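J.: Structure supplied as query-v4.pdb; contents: PDB, C-alpha atoms, pLDDT in the B column.
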MODEL        1
ATOM      1  CA  MET A   1       7.681  36.533  -2.955  1.00 46.00           C
ATOM      2  CA  THR A   2       6.389  38.649  -0.085  1.00 45.00           C
ATOM      3  CA  THR A   3       7.589  38.392   3.512  1.00 43.00           C
ATOM      4  CA  ASN A   4       4.272  36.834   4.596  1.00 45.00           C
ATOM      5  CA  GLU A   5       4.579  34.207   1.886  1.00 45.00           C
ATOM      6  CA  GLU A   6       8.166  33.469   2.952  1.00 46.00           C
ATOM      7  CA  MET A   7       7.108  33.066   6.579  1.00 49.00           C
ATOM      8  CA  SER A   8       4.253  30.862   5.467  1.00 71.00           C
ATOM      9  CA  LEU A   9       6.648  28.653   3.505  1.00 70.00           C
ATOM     10  CA  VAL A  10       9.072  28.420   6.444  1.00 77.00           C
ATOM     11  CA  GLU A  11       6.243  27.480   8.803  1.00 78.00           C
ATOM     12  CA  HIS A  12       5.005  24.930   6.283  1.00 75.00           C
ATOM     13  CA  LEU A  13       8.427  23.296   6.045  1.00 82.00           C
ATOM     14  CA  GLY A  14       8.777  23.397   9.822  1.00 85.00           C
ATOM     15  CA  GLU A  15       5.488  21.575  10.228  1.00 85.00           C
ATOM     16  CA  LEU A  16       6.569  18.980   7.656  1.00 85.00           C
ATOM     17  CA  ARG A  17       9.819  18.439   9.559  1.00 90.00           C
ATOM     18  CA  LYS A  18       7.962  17.920  12.854  1.00 91.00           C
ATOM     19  CA  ARG A  19       5.616  15.389  11.296  1.00 91.00           C
ATOM     20  CA  ILE A  20       8.495  13.473   9.713  1.00 92.00           C
ATOM     21  CA  MET A  21      10.236  13.360  13.104  1.00 94.00           C
ATOM     22  CA  TRP A  22       7.071  11.963  14.715  1.00 93.00           C
ATOM     23  CA  VAL A  23       6.824   9.273  12.038  1.00 93.00           C
ATOM     24  CA  LEU A  24      10.507   8.339  12.439  1.00 94.00           C
ATOM     25  CA  ALA A  25      10.131   8.140  16.226  1.00 94.00           C
ATOM     26  CA  VAL A  26       7.146   5.778  15.928  1.00 94.00           C
ATOM     27  CA  LEU A  27       9.014   3.771  13.279  1.00 93.00           C
ATOM     28  CA  VAL A  28      11.968   3.255  15.644  1.00 93.00           C
ATOM     29  CA  ILE A  29       9.615   2.131  18.430  1.00 94.00           C
ATOM     30  CA  GLY A  30       7.832  -0.162  15.962  1.00 93.00           C
ATOM     31  CA  MET A  31      11.145  -1.635  14.826  1.00 92.00           C
ATOM     32  CA  VAL A  32      12.060  -2.426  18.436  1.00 93.00           C
ATOM     33  CA  GLY A  33       8.766  -4.269  18.764  1.00 91.00           C
ATOM     34  CA  GLY A  34       9.429  -5.938  15.422  1.00 90.00           C
ATOM     35  CA  LEU A  35      12.863  -7.157  16.514  1.00 91.00           C
ATOM     36  CA  ILE A  36      11.351  -8.577  19.706  1.00 92.00           C
ATOM     37  CA  SER A  37       8.592 -10.373  17.791  1.00 91.00           C
ATOM     38  CA  ALA A  38      10.753 -11.417  14.818  1.00 89.00           C
ATOM     39  CA  LYS A  39      11.786 -14.788  16.258  1.00 89.00           C
ATOM     40  CA  PRO A  40       8.255 -16.191  16.881  1.00 91.00           C
ATOM     41  CA  ILE A  41       7.030 -14.785  13.556  1.00 90.00           C
ATOM     42  CA  ILE A  42       9.869 -16.401  11.617  1.00 89.00           C
ATOM     43  CA  ARG A  43       9.339 -19.715  13.416  1.00 89.00           C
ATOM     44  CA  TYR A  44       5.627 -19.582  12.630  1.00 90.00           C
ATOM     45  CA  LEU A  45       6.222 -18.855   8.934  1.00 89.00           C
ATOM     46  CA  LYS A  46       8.771 -21.694   8.794  1.00 87.00           C
ATOM     47  CA  ASN A  47       6.153 -24.187   9.957  1.00 89.00           C
ATOM     48  CA  ILE A  48       3.361 -23.379   7.486  1.00 89.00           C
ATOM     49  CA  PRO A  49       3.227 -23.968   3.712  1.00 87.00           C
ATOM     50  CA  PRO A  50       5.158 -23.511   1.570  1.00 87.00           C
ATOM     51  CA  ALA A  51       8.114 -23.140   3.959  1.00 86.00           C
ATOM     52  CA  ASP A  52       7.357 -26.309   5.956  1.00 85.00           C
ATOM     53  CA  SER A  53       8.478 -28.530   3.080  1.00 80.00           C
ATOM     54  CA  ILE A  54      11.987 -27.112   2.660  1.00 82.00           C
ATOM     55  CA  SER A  55      15.213 -27.105   4.621  1.00 80.00           C
ATOM     56  CA  TRP A  56      16.587 -23.733   5.663  1.00 82.00           C
ATOM     57  CA  ASN A  57      20.130 -22.476   5.326  1.00 85.00           C
ATOM     58  CA  VAL A  58      22.185 -19.345   5.725  1.00 85.00           C
ATOM     59  CA  PHE A  59      24.968 -18.587   3.282  1.00 86.00           C
ATOM     60  CA  SER A  60      26.824 -15.878   5.157  1.00 84.00           C
ATOM     61  CA  PRO A  61      27.314 -14.858   8.799  1.00 83.00           C
ATOM     62  CA  TRP A  62      25.155 -11.800   8.123  1.00 86.00           C
ATOM     63  CA  ASP A  63      22.076 -13.649   6.819  1.00 87.00           C
ATOM     64  CA  ALA A  64      20.482 -14.326  10.206  1.00 86.00           C
ATOM     65  CA  LEU A  65      21.040 -10.730  11.312  1.00 88.00           C
ATOM     66  CA  ARG A  66      19.666  -9.432   8.027  1.00 87.00           C
ATOM     67  CA  LEU A  67      16.617 -11.633   8.500  1.00 88.00           C
ATOM     68  CA  TYR A  68      16.004 -10.164  11.946  1.00 88.00           C
ATOM     69  CA  MET A  69      16.427  -6.608  10.642  1.00 89.00           C
ATOM     70  CA  ASN A  70      14.117  -7.169   7.671  1.00 87.00           C
ATOM     71  CA  PHE A  71      11.346  -8.439   9.926  1.00 89.00           C
ATOM     72  CA  GLY A  72      11.948  -5.668  12.423  1.00 89.00           C
ATOM     73  CA  LEU A  73      11.602  -3.099   9.648  1.00 89.00           C
ATOM     74  CA  ALA A  74       8.532  -4.818   8.183  1.00 89.00           C
ATOM     75  CA  VAL A  75       6.731  -4.908  11.537  1.00 90.00           C
ATOM     76  CA  GLY A  76       7.841  -1.359  12.264  1.00 91.00           C
ATOM     77  CA  ILE A  77       6.369  -0.104   8.983  1.00 90.00           C
ATOM     78  CA  LEU A  78       3.142  -1.980   9.651  1.00 91.00           C
ATOM     79  CA  ILE A  79       2.825  -0.408  13.107  1.00 91.00           C
ATOM     80  CA  THR A  80       3.762   3.040  11.774  1.00 92.00           C
ATOM     81  CA  LEU A  81       1.416   2.979   8.773  1.00 90.00           C
ATOM     82  CA  PRO A  82      -1.639   4.430  10.599  1.00 91.00           C
ATOM     83  CA  VAL A  83       0.606   7.187  11.997  1.00 92.00           C
ATOM     84  CA  ILE A  84       1.985   7.923   8.515  1.00 91.00           C
ATOM     85  CA  LEU A  85      -1.522   8.136   7.095  1.00 87.00           C
ATOM     86  CA  TYR A  86      -2.661  10.417   9.923  1.00 90.00           C
ATOM     87  CA  HIS A  87       0.246  12.832   9.466  1.00 89.00           C
ATOM     88  CA  ILE A  88      -0.296  12.956   5.708  1.00 86.00           C
ATOM     89  CA  TRP A  89      -3.917  13.866   6.415  1.00 84.00           C
ATOM     90  CA  ALA A  90      -2.938  16.432   9.066  1.00 85.00           C
ATOM     91  CA  PHE A  91      -0.391  18.025   6.716  1.00 84.00           C
ATOM     92  CA  VAL A  92      -2.903  18.581   3.911  1.00 80.00           C
ATOM     93  CA  LYS A  93      -5.754  19.363   6.330  1.00 80.00           C
ATOM     94  CA  PRO A  94      -5.397  23.185   6.141  1.00 79.00           C
ATOM     95  CA  GLY A  95      -6.098  23.001   2.401  1.00 75.00           C
ATOM     96  CA  LEU A  96      -9.342  21.082   2.914  1.00 73.00           C
ATOM     97  CA  ARG A  97     -12.767  22.395   3.739  1.00 75.00           C
ATOM     98  CA  GLU A  98     -14.252  21.396   7.095  1.00 76.00           C
ATOM     99  CA  ALA A  99     -16.528  18.759   5.557  1.00 68.00           C
ATOM    100  CA  GLU A 100     -13.596  17.313   3.578  1.00 70.00           C
ATOM    101  CA  GLN A 101     -11.451  17.185   6.728  1.00 76.00           C
ATOM    102  CA  LYS A 102     -14.046  15.167   8.618  1.00 75.00           C
ATOM    103  CA  ALA A 103     -14.733  12.865   5.693  1.00 71.00           C
ATOM    104  CA  SER A 104     -11.123  12.181   4.730  1.00 75.00           C
ATOM    105  CA  ILE A 105      -9.909  11.213   8.224  1.00 82.00           C
ATOM    106  CA  ILE A 106     -12.342   8.278   8.068  1.00 84.00           C
ATOM    107  CA  TYR A 107     -10.182   6.866   5.255  1.00 85.00           C
ATOM    108  CA  ILE A 108      -7.246   6.107   7.598  1.00 86.00           C
ATOM    109  CA  PRO A 109      -8.545   2.867   9.203  1.00 90.00           C
ATOM    110  CA  TYR A 110      -9.799   1.640   5.820  1.00 90.00           C
ATOM    111  CA  ALA A 111      -6.405   2.321   4.265  1.00 90.00           C
ATOM    112  CA  PHE A 112      -4.790   0.224   6.990  1.00 91.00           C
ATOM    113  CA  LEU A 113      -7.276  -2.611   6.454  1.00 93.00           C
ATOM    114  CA  LEU A 114      -6.704  -2.539   2.686  1.00 93.00           C
ATOM    115  CA  PHE A 115      -2.948  -2.722   3.275  1.00 93.00           C
ATOM    116  CA  LEU A 116      -3.476  -5.811   5.432  1.00 93.00           C
ATOM    117  CA  GLY A 117      -5.772  -7.225   2.751  1.00 93.00           C
ATOM    118  CA  GLY A 118      -3.051  -6.742   0.144  1.00 92.00           C
ATOM    119  CA  LEU A 119      -0.497  -8.467   2.366  1.00 93.00           C
ATOM    120  CA  SER A 120      -2.885 -11.379   2.916  1.00 93.00           C
ATOM    121  CA  PHE A 121      -3.711 -11.715  -0.778  1.00 92.00           C
ATOM    122  CA  GLY A 122      -0.023 -11.588  -1.643  1.00 90.00           C
ATOM    123  CA  TYR A 123       1.026 -14.142   0.965  1.00 93.00           C
ATOM    124  CA  TRP A 124      -1.812 -16.659   0.721  1.00 92.00           C
ATOM    125  CA  VAL A 125      -2.511 -16.489  -3.029  1.00 90.00           C
ATOM    126  CA  VAL A 126       0.285 -15.009  -5.140  1.00 88.00           C
ATOM    127  CA  PHE A 127       3.369 -16.046  -3.159  1.00 91.00           C
ATOM    128  CA  PRO A 128       2.497 -19.800  -3.055  1.00 91.00           C
ATOM    129  CA  MET A 129       1.837 -19.788  -6.812  1.00 87.00           C
ATOM    130  CA  ALA A 130       5.213 -18.199  -7.493  1.00 85.00           C
ATOM    131  CA  PHE A 131       7.033 -20.470  -5.047  1.00 88.00           C
ATOM    132  CA  TYR A 132       5.518 -23.741  -6.277  1.00 87.00           C
ATOM    133  CA  PHE A 133       6.097 -22.717  -9.889  1.00 85.00           C
ATOM    134  CA  THR A 134       9.809 -22.068  -9.336  1.00 83.00           C
ATOM    135  CA  SER A 135      10.108 -25.278  -7.303  1.00 85.00           C
ATOM    136  CA  SER A 136       8.513 -27.276 -10.123  1.00 86.00           C
ATOM    137  CA  ILE A 137      11.127 -25.930 -12.537  1.00 85.00           C
ATOM    138  CA  SER A 138      13.912 -27.001 -10.162  1.00 83.00           C
ATOM    139  CA  ARG A 139      12.463 -30.506  -9.914  1.00 84.00           C
ATOM    140  CA  SER A 140      12.027 -30.769 -13.682  1.00 88.00           C
ATOM    141  CA  LEU A 141      15.694 -29.901 -14.108  1.00 86.00           C
ATOM    142  CA  GLU A 142      16.633 -32.392 -11.361  1.00 84.00           C
ATOM    143  CA  ILE A 143      18.185 -29.640  -9.274  1.00 84.00           C
ATOM    144  CA  THR A 144      18.397 -30.025  -5.501  1.00 81.00           C
ATOM    145  CA  GLU A 145      16.573 -27.172  -3.818  1.00 80.00           C
ATOM    146  CA  MET A 146      18.581 -25.504  -1.062  1.00 82.00           C
ATOM    147  CA  TYR A 147      17.020 -22.252   0.103  1.00 83.00           C
ATOM    148  CA  GLY A 148      18.700 -19.487   2.039  1.00 86.00           C
ATOM    149  CA  ALA A 149      16.423 -18.082   4.751  1.00 87.00           C
ATOM    150  CA  ALA A 150      17.225 -14.472   3.866  1.00 84.00           C
ATOM    151  CA  GLN A 151      16.707 -15.121   0.142  1.00 85.00           C
ATOM    152  CA  TYR A 152      13.402 -16.898   0.787  1.00 89.00           C
ATOM    153  CA  PHE A 153      11.935 -13.973   2.718  1.00 88.00           C
ATOM    154  CA  THR A 154      13.352 -11.416   0.290  1.00 86.00           C
ATOM    155  CA  PHE A 155      11.526 -13.278  -2.468  1.00 87.00           C
ATOM    156  CA  MET A 156       8.350 -13.222  -0.346  1.00 90.00           C
ATOM    157  CA  PHE A 157       8.557  -9.514   0.503  1.00 88.00           C
ATOM    158  CA  ASN A 158       9.217  -8.604  -3.140  1.00 85.00           C
ATOM    159  CA  ILE A 159       5.847 -10.137  -3.980  1.00 87.00           C
ATOM    160  CA  ILE A 160       3.571  -9.172  -1.098  1.00 90.00           C
ATOM    161  CA  LEU A 161       4.696  -5.566  -0.489  1.00 88.00           C
ATOM    162  CA  PRO A 162       3.904  -4.270  -4.018  1.00 86.00           C
ATOM    163  CA  LEU A 163       0.471  -5.893  -3.768  1.00 88.00           C
ATOM    164  CA  ALA A 164      -0.169  -4.321  -0.369  1.00 90.00           C
ATOM    165  CA  ILE A 165       0.664  -0.911  -1.843  1.00 89.00           C
ATOM    166  CA  VAL A 166      -1.561  -1.470  -4.889  1.00 90.00           C
ATOM    167  CA  PHE A 167      -4.440  -2.392  -2.584  1.00 92.00           C
ATOM    168  CA  GLU A 168      -4.338   1.203  -1.308  1.00 91.00           C
ATOM    169  CA  MET A 169      -5.639   2.350  -4.695  1.00 92.00           C
ATOM    170  CA  PRO A 170      -9.312   2.868  -3.699  1.00 92.00           C
ATOM    171  CA  ILE A 171      -8.374   5.032  -0.714  1.00 90.00           C
ATOM    172  CA  VAL A 172      -5.890   7.095  -2.721  1.00 88.00           C
ATOM    173  CA  VAL A 173      -8.427   7.624  -5.509  1.00 91.00           C
ATOM    174  CA  MET A 174     -11.176   8.561  -3.041  1.00 88.00           C
ATOM    175  CA  PHE A 175      -8.911  11.020  -1.233  1.00 83.00           C
ATOM    176  CA  LEU A 176      -7.717  12.671  -4.460  1.00 85.00           C
ATOM    177  CA  THR A 177     -11.318  12.907  -5.623  1.00 87.00           C
ATOM    178  CA  LYS A 178     -12.300  14.443  -2.295  1.00 82.00           C
ATOM    179  CA  ILE A 179      -9.718  17.218  -2.660  1.00 78.00           C
ATOM    180  CA  ARG A 180     -10.739  17.639  -6.335  1.00 81.00           C
ATOM    181  CA  LEU A 181      -7.450  16.554  -7.894  1.00 83.00           C
ATOM    182  CA  LEU A 182      -9.118  13.571  -9.548  1.00 87.00           C
ATOM    183  CA  ASN A 183     -12.541  12.691 -10.894  1.00 89.00           C
ATOM    184  CA  PRO A 184     -14.193   9.668 -12.565  1.00 90.00           C
ATOM    185  CA  LYS A 185     -13.906  11.269 -15.998  1.00 89.00           C
ATOM    186  CA  ARG A 186     -10.120  11.231 -15.775  1.00 90.00           C
ATOM    187  CA  LEU A 187     -10.149   7.679 -14.445  1.00 91.00           C
ATOM    188  CA  HIS A 188     -12.297   6.554 -17.375  1.00 89.00           C
ATOM    189  CA  LYS A 189      -9.954   8.361 -19.760  1.00 89.00           C
ATOM    190  CA  PHE A 190      -6.866   6.594 -18.395  1.00 88.00           C
ATOM    191  CA  ARG A 191      -8.538   3.195 -17.874  1.00 90.00           C
ATOM    192  CA  ARG A 192      -6.651   1.423 -20.687  1.00 90.00           C
ATOM    193  CA  TYR A 193      -3.296   2.657 -19.340  1.00 92.00           C
ATOM    194  CA  ALA A 194      -4.243   1.617 -15.802  1.00 91.00           C
ATOM    195  CA  TYR A 195      -5.200  -1.855 -17.056  1.00 92.00           C
ATOM    196  CA  MET A 196      -1.895  -2.141 -18.876  1.00 92.00           C
ATOM    197  CA  LEU A 197       0.098  -1.159 -15.767  1.00 91.00           C
ATOM    198  CA  LEU A 198      -1.836  -3.610 -13.583  1.00 90.00           C
ATOM    199  CA  VAL A 199      -1.313  -6.445 -16.075  1.00 89.00           C
ATOM    200  CA  ILE A 200       2.413  -5.633 -16.245  1.00 90.00           C
ATOM    201  CA  LEU A 201       2.610  -5.641 -12.440  1.00 85.00           C
ATOM    202  CA  SER A 202       0.779  -8.977 -12.208  1.00 85.00           C
ATOM    203  CA  THR A 203       3.120 -10.441 -14.830  1.00 86.00           C
ATOM    204  CA  VAL A 204       6.217  -9.251 -12.962  1.00 84.00           C
ATOM    205  CA  ILE A 205       5.267 -10.632  -9.546  1.00 77.00           C
ATOM    206  CA  THR A 206       3.785 -13.955 -10.700  1.00 76.00           C
ATOM    207  CA  PRO A 207       5.229 -17.012 -12.466  1.00 69.00           C
ATOM    208  CA  PRO A 208       5.674 -16.495 -16.221  1.00 70.00           C
ATOM    209  CA  ASP A 209       2.466 -18.214 -17.275  1.00 70.00           C
ATOM    210  CA  ALA A 210      -0.823 -16.726 -18.429  1.00 75.00           C
ATOM    211  CA  ILE A 211      -3.032 -18.409 -15.804  1.00 75.00           C
ATOM    212  CA  SER A 212      -1.133 -16.969 -12.830  1.00 76.00           C
ATOM    213  CA  ALA A 213      -0.969 -13.509 -14.376  1.00 81.00           C
ATOM    214  CA  ILE A 214      -4.719 -13.533 -15.060  1.00 83.00           C
ATOM    215  CA  LEU A 215      -5.540 -14.765 -11.537  1.00 80.00           C
ATOM    216  CA  VAL A 216      -3.660 -11.804 -10.078  1.00 85.00           C
ATOM    217  CA  ALA A 217      -4.583  -9.194 -12.711  1.00 87.00           C
ATOM    218  CA  LEU A 218      -8.346  -9.755 -12.379  1.00 89.00           C
ATOM    219  CA  PRO A 219      -8.566  -8.769  -8.676  1.00 89.00           C
ATOM    220  CA  LEU A 220      -6.379  -5.719  -9.373  1.00 90.00           C
ATOM    221  CA  ILE A 221      -8.640  -4.655 -12.241  1.00 92.00           C
ATOM    222  CA  VAL A 222     -11.704  -5.165 -10.037  1.00 92.00           C
ATOM    223  CA  LEU A 223      -9.963  -2.992  -7.435  1.00 92.00           C
ATOM    224  CA  TYR A 224      -9.451  -0.284 -10.054  1.00 93.00           C
ATOM    225  CA  GLU A 225     -13.098  -0.408 -11.132  1.00 93.00           C
ATOM    226  CA  PHE A 226     -14.156  -0.205  -7.492  1.00 93.00           C
ATOM    227  CA  SER A 227     -11.936   2.865  -7.189  1.00 92.00           C
ATOM    228  CA  VAL A 228     -13.665   4.418 -10.214  1.00 93.00           C
ATOM    229  CA  PHE A 229     -17.075   3.645  -8.695  1.00 93.00           C
ATOM    230  CA  MET A 230     -16.182   5.253  -5.364  1.00 91.00           C
ATOM    231  CA  SER A 231     -14.688   8.251  -7.144  1.00 91.00           C
ATOM    232  CA  GLY A 232     -17.951   8.677  -9.052  1.00 92.00           C
ATOM    233  CA  PHE A 233     -19.953   8.428  -5.821  1.00 90.00           C
ATOM    234  CA  ILE A 234     -17.896  11.183  -4.168  1.00 89.00           C
ATOM    235  CA  TYR A 235     -17.859  13.308  -7.331  1.00 89.00           C
ATOM    236  CA  ARG A 236     -21.652  13.233  -7.659  1.00 90.00           C
ATOM    237  CA  LYS A 237     -22.016  14.349  -4.048  1.00 86.00           C
ATOM    238  CA  GLN A 238     -19.602  17.212  -4.725  1.00 83.00           C
ATOM    239  CA  LEU A 239     -21.583  18.320  -7.786  1.00 86.00           C
ATOM    240  CA  ALA A 240     -24.826  18.202  -5.793  1.00 85.00           C
ATOM    241  CA  LYS A 241     -23.317  20.357  -3.029  1.00 82.00           C
ATOM    242  CA  ASP A 242     -21.914  22.820  -5.575  1.00 79.00           C
ATOM    243  CA  ALA A 243     -25.303  23.106  -7.242  1.00 81.00           C
ATOM    244  CA  GLU A 244     -26.996  23.687  -3.898  1.00 80.00           C
ATOM    245  CA  TRP A 245     -24.439  26.382  -3.039  1.00 75.00           C
ATOM    246  CA  GLU A 246     -25.038  28.160  -6.347  1.00 76.00           C
ATOM    247  CA  ARG A 247     -28.802  28.084  -5.861  1.00 74.00           C
ATOM    248  CA  GLU A 248     -28.456  29.631  -2.412  1.00 73.00           C
ATOM    249  CA  PHE A 249     -25.579  32.041  -2.816  1.00 73.00           C
ATOM    250  CA  GLY A 250     -25.016  32.307  -6.562  1.00 64.00           C
ATOM    251  CA  PRO A 251     -21.981  31.187  -8.601  1.00 62.00           C
ATOM    252  CA  LYS A 252     -18.707  30.775  -6.686  1.00 55.00           C
TER
ENDMDL
END
So that I can check it, write out the structure of this file as structure tokens.

T.:
Amino acid sequence: MTTNEEMSLVEHLGELRKRIMWVLAVLVIGMVGGLISAKPIIRYLKNIPPADSISWNVFSPWDALRLYMNFGLAVGILITLPVILYHIWAFVKPGLREAEQKASIIYIPYAFLLFLGGLSFGYWVVFPMAFYFTSSISRSLEITEMYGAAQYFTFMFNIILPLAIVFEMPIVVMFLTKIRLLNPKRLHKFRRYAYMLLVILSTVITPPDAISAILVALPLIVLYEFSVFMSGFIYRKQLAKDAEWEREFGPK
């Protein structure tokens, strides 16, 4: 490795370190805001279905504190997400052409909106199905339901967070297509494996019955097909620009 390459690598790592520090700083600020807002959020969630029909308990002196910290972290991540997305874009920006830089930064607000959409879908659709299913089993076994507050929200977060991440799929696919690491041909080739992974995910986070799994798997599959469609749209534009370049300047 040459000296210039070594300096380039050191500068690259230095830039990565600075961006990570910025993200951590915003995350800490977001967590402070999350801890301040945790109490009204928890009270609100306690008073809407399905939580409004159950009595709440804590099973250790640490449960209430853990509940506060979990919500502080969750809100902090939500606030920091646009910053994380921006710094990821800024870090890979030098490797993008000018047109790709301008186009890809537009993805950041849409990525944030899709994340919120995944949280909403998880909380309002999937989480109630899973909760009512497990409650019906308890009633059928004549078991008294006594829920710990920390356990209840851990159960909720384990369902809605994976869905929020999966909902980022169209943006990730579009970005990878934009930087030419992915194209619709590869997505078509791996479609059956993608379907299998999405069905497995829907089975894991939903009650163990076919109806619930199908109700969750179908939107995820539609999301994948939308990702393939958007990848194809970007890929065709890239091919058209490449062809125009070759006509004007000759082969690259």

J.: Counting only C-alpha atoms, which residues of segment 139-223 of chain A sit at most 9 Å from some atom of segment 229-240 of chain A, and what is each one's closest atom pair with its distance in Å to one decimal, listed by chain and rising residue number, as a Markdown table?

T.:
| residue | atom | partner | partner_atom | distance |
| --- | --- | --- | --- | --- |
| A:Pro170 | CA | A:Met230 | CA | 7.5 |
| A:Val173 | CA | A:Ser231 | CA | 6.5 |
| A:Met174 | CA | A:Ser231 | CA | 5.4 |
| A:Phe175 | CA | A:Ser231 | CA | 8.7 |
| A:Leu176 | CA | A:Ser231 | CA | 8.7 |
| A:Thr177 | CA | A:Ser231 | CA | 5.9 |
| A:Lys178 | CA | A:Ile234 | CA | 6.7 |
| A:Arg180 | CA | A:Tyr235 | CA | 8.4 |
| A:Leu182 | CA | A:Ser231 | CA | 8.1 |
| A:Asn183 | CA | A:Ser231 | CA | 6.2 |
| A:Pro184 | CA | A:Gly232 | CA | 5.2 |
| A:Lys185 | CA | A:Gly232 | CA | 8.4 |
| A:Leu187 | CA | A:Ser231 | CA | 8.6 |

J.: Mind writing the picked residues with C-alpha atoms as a PDB file, in the coordinates of the input?

T.:
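out-v4.pdb was written with the following content:
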ATOM      1  CA  PRO A 170      -9.312   2.868  -3.699  1.00 92.00           C
ATOM      2  CA  VAL A 173      -8.427   7.624  -5.509  1.00 91.00           C
ATOM      3  CA  MET A 174     -11.176   8.561  -3.041  1.00 88.00           C
ATOM      4  CA  PHE A 175      -8.911  11.020  -1.233  1.00 83.00           C
ATOM      5  CA  LEU A 176      -7.717  12.671  -4.460  1.00 85.00           C
ATOM      6  CA  THR A 177     -11.318  12.907  -5.623  1.00 87.00           C
ATOM      7  CA  LYS A 178     -12.300  14.443  -2.295  1.00 82.00           C
ATOM      8  CA  ARG A 180     -10.739  17.639  -6.335  1.00 81.00           C
ATOM      9  CA  LEU A 182      -9.118  13.571  -9.548  1.00 87.00           C
ATOM     10  CA  ASN A 183     -12.541  12.691 -10.894  1.00 89.00           C
ATOM     11  CA  PRO A 184     -14.193   9.668 -12.565  1.00 90.00           C
ATOM     12  CA  LYS A 185     -13.906  11.269 -15.998  1.00 89.00           C
ATOM     13  CA  LEU A 187     -10.149   7.679 -14.445  1.00 91.00           C
TER      14      LEU A 187
END

J.: Evaluate the PyMOL selection byres ((chain A and resi 101) around 12) on the structure here and hand back the selected residues as an MDAnalysis selection string.

T.: chainID A and resid 86 88:100 102:108 175 178:179

J.: Atom CA of Glu145 of chain A to atom CA of Ser202 of chain A: how many Å, to one decimal?

T.: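 Spanning atom CA of Glu145 of chain A to atom CA of Ser202 of chain A is a straight-line distance of 25.5 Å.
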
J.: Would you mind listing what lies within 12 Å of segment 203-211 of chain A as a PDB file with C-alpha atoms, keeping the file's coordinate frame, with all atoms listed in the file counted and same-chain residues fewer than 5 positions away left out?

T.:
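Writing done, so here's part.pdb:
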ATOM      1  CA  GLY A 122      -0.023 -11.588  -1.643  1.00 90.00           C
ATOM      2  CA  TYR A 123       1.026 -14.142   0.965  1.00 93.00           C
ATOM      3  CA  VAL A 125      -2.511 -16.489  -3.029  1.00 90.00           C
ATOM      4  CA  VAL A 126       0.285 -15.009  -5.140  1.00 88.00           C
ATOM      5  CA  PHE A 127       3.369 -16.046  -3.159  1.00 91.00           C
ATOM      6  CA  PRO A 128       2.497 -19.800  -3.055  1.00 91.00           C
ATOM      7  CA  MET A 129       1.837 -19.788  -6.812  1.00 87.00           C
ATOM      8  CA  ALA A 130       5.213 -18.199  -7.493  1.00 85.00           C
ATOM      9  CA  PHE A 131       7.033 -20.470  -5.047  1.00 88.00           C
ATOM     10  CA  TYR A 132       5.518 -23.741  -6.277  1.00 87.00           C
ATOM     11  CA  PHE A 133       6.097 -22.717  -9.889  1.00 85.00           C
ATOM     12  CA  THR A 134       9.809 -22.068  -9.336  1.00 83.00           C
ATOM     13  CA  SER A 135      10.108 -25.278  -7.303  1.00 85.00           C
ATOM     14  CA  SER A 136       8.513 -27.276 -10.123  1.00 86.00           C
ATOM     15  CA  ILE A 137      11.127 -25.930 -12.537  1.00 85.00           C
ATOM     16  CA  PHE A 155      11.526 -13.278  -2.468  1.00 87.00           C
ATOM     17  CA  MET A 156       8.350 -13.222  -0.346  1.00 90.00           C
ATOM     18  CA  PHE A 157       8.557  -9.514   0.503  1.00 88.00           C
ATOM     19  CA  ASN A 158       9.217  -8.604  -3.140  1.00 85.00           C
ATOM     20  CA  ILE A 159       5.847 -10.137  -3.980  1.00 87.00           C
ATOM     21  CA  ILE A 160       3.571  -9.172  -1.098  1.00 90.00           C
ATOM     22  CA  LEU A 161       4.696  -5.566  -0.489  1.00 88.00           C
ATOM     23  CA  PRO A 162       3.904  -4.270  -4.018  1.00 86.00           C
ATOM     24  CA  LEU A 163       0.471  -5.893  -3.768  1.00 88.00           C
ATOM     25  CA  MET A 196      -1.895  -2.141 -18.876  1.00 92.00           C
ATOM     26  CA  LEU A 197       0.098  -1.159 -15.767  1.00 91.00           C
ATOM     27  CA  LEU A 198      -1.836  -3.610 -13.583  1.00 90.00           C
ATOM     28  CA  VAL A 216      -3.660 -11.804 -10.078  1.00 85.00           C
ATOM     29  CA  ALA A 217      -4.583  -9.194 -12.711  1.00 87.00           C
ATOM     30  CA  LEU A 218      -8.346  -9.755 -12.379  1.00 89.00           C
ATOM     31  CA  LEU A 220      -6.379  -5.719  -9.373  1.00 90.00           C
TER      32      LEU A 220
END

J.: Which distance in Å separates atom CA of Ile41 of chain A and atom CA of Met69 of chain A, to one decimal?

T.: 12.8 Å

J.: Find the distance between atom CA of Gly148 of chain A and atom CA of Arg43 of chain A and write it in Å to one decimal.

T.: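 Result for atom CA of Gly148 of chain A versus atom CA of Arg43 of chain A: 14.7 Å, one decimal.
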
J.: With all atoms listed in the file as the counted atoms, please give the residues lying no more than 12 Å from Ile29 of chain A, apart from itself and same-chain residues fewer than 5 positions off, as number ranges by chain.

T.: A: 22-24, 34-36, 72-73, 75-80

J.: Now that the selection is made, can you save its residues with C-alpha atoms as an mmCIF file, in the frame of the given file?

T.:
data_model
loop_
_atom_site.group_PDB
_atom_site.id
_atom_site.type_symbol
_atom_site.label_atom_id
_atom_site.label_comp_id
_atom_site.auth_asym_id
_atom_site.auth_seq_id
_atom_site.Cartn_x
_atom_site.Cartn_y
_atom_site.Cartn_z
ATOM 1 C CA TRP A 22 7.071 11.963 14.715
ATOM 2 C CA VAL A 23 6.824 9.273 12.038
ATOM 3 C CA LEU A 24 10.507 8.339 12.439
ATOM 4 C CA GLY A 34 9.429 -5.938 15.422
ATOM 5 C CA LEU A 35 12.863 -7.157 16.514
ATOM 6 C CA ILE A 36 11.351 -8.577 19.706
ATOM 7 C CA GLY A 72 11.948 -5.668 12.423
ATOM 8 C CA LEU A 73 11.602 -3.099 9.648
ATOM 9 C CA VAL A 75 6.731 -4.908 11.537
ATOM 10 C CA GLY A 76 7.841 -1.359 12.264
ATOM 11 C CA ILE A 77 6.369 -0.104 8.983
ATOM 12 C CA LEU A 78 3.142 -1.980 9.651
ATOM 13 C CA ILE A 79 2.825 -0.408 13.107
ATOM 14 C CA THR A 80 3.762 3.040 11.774
#
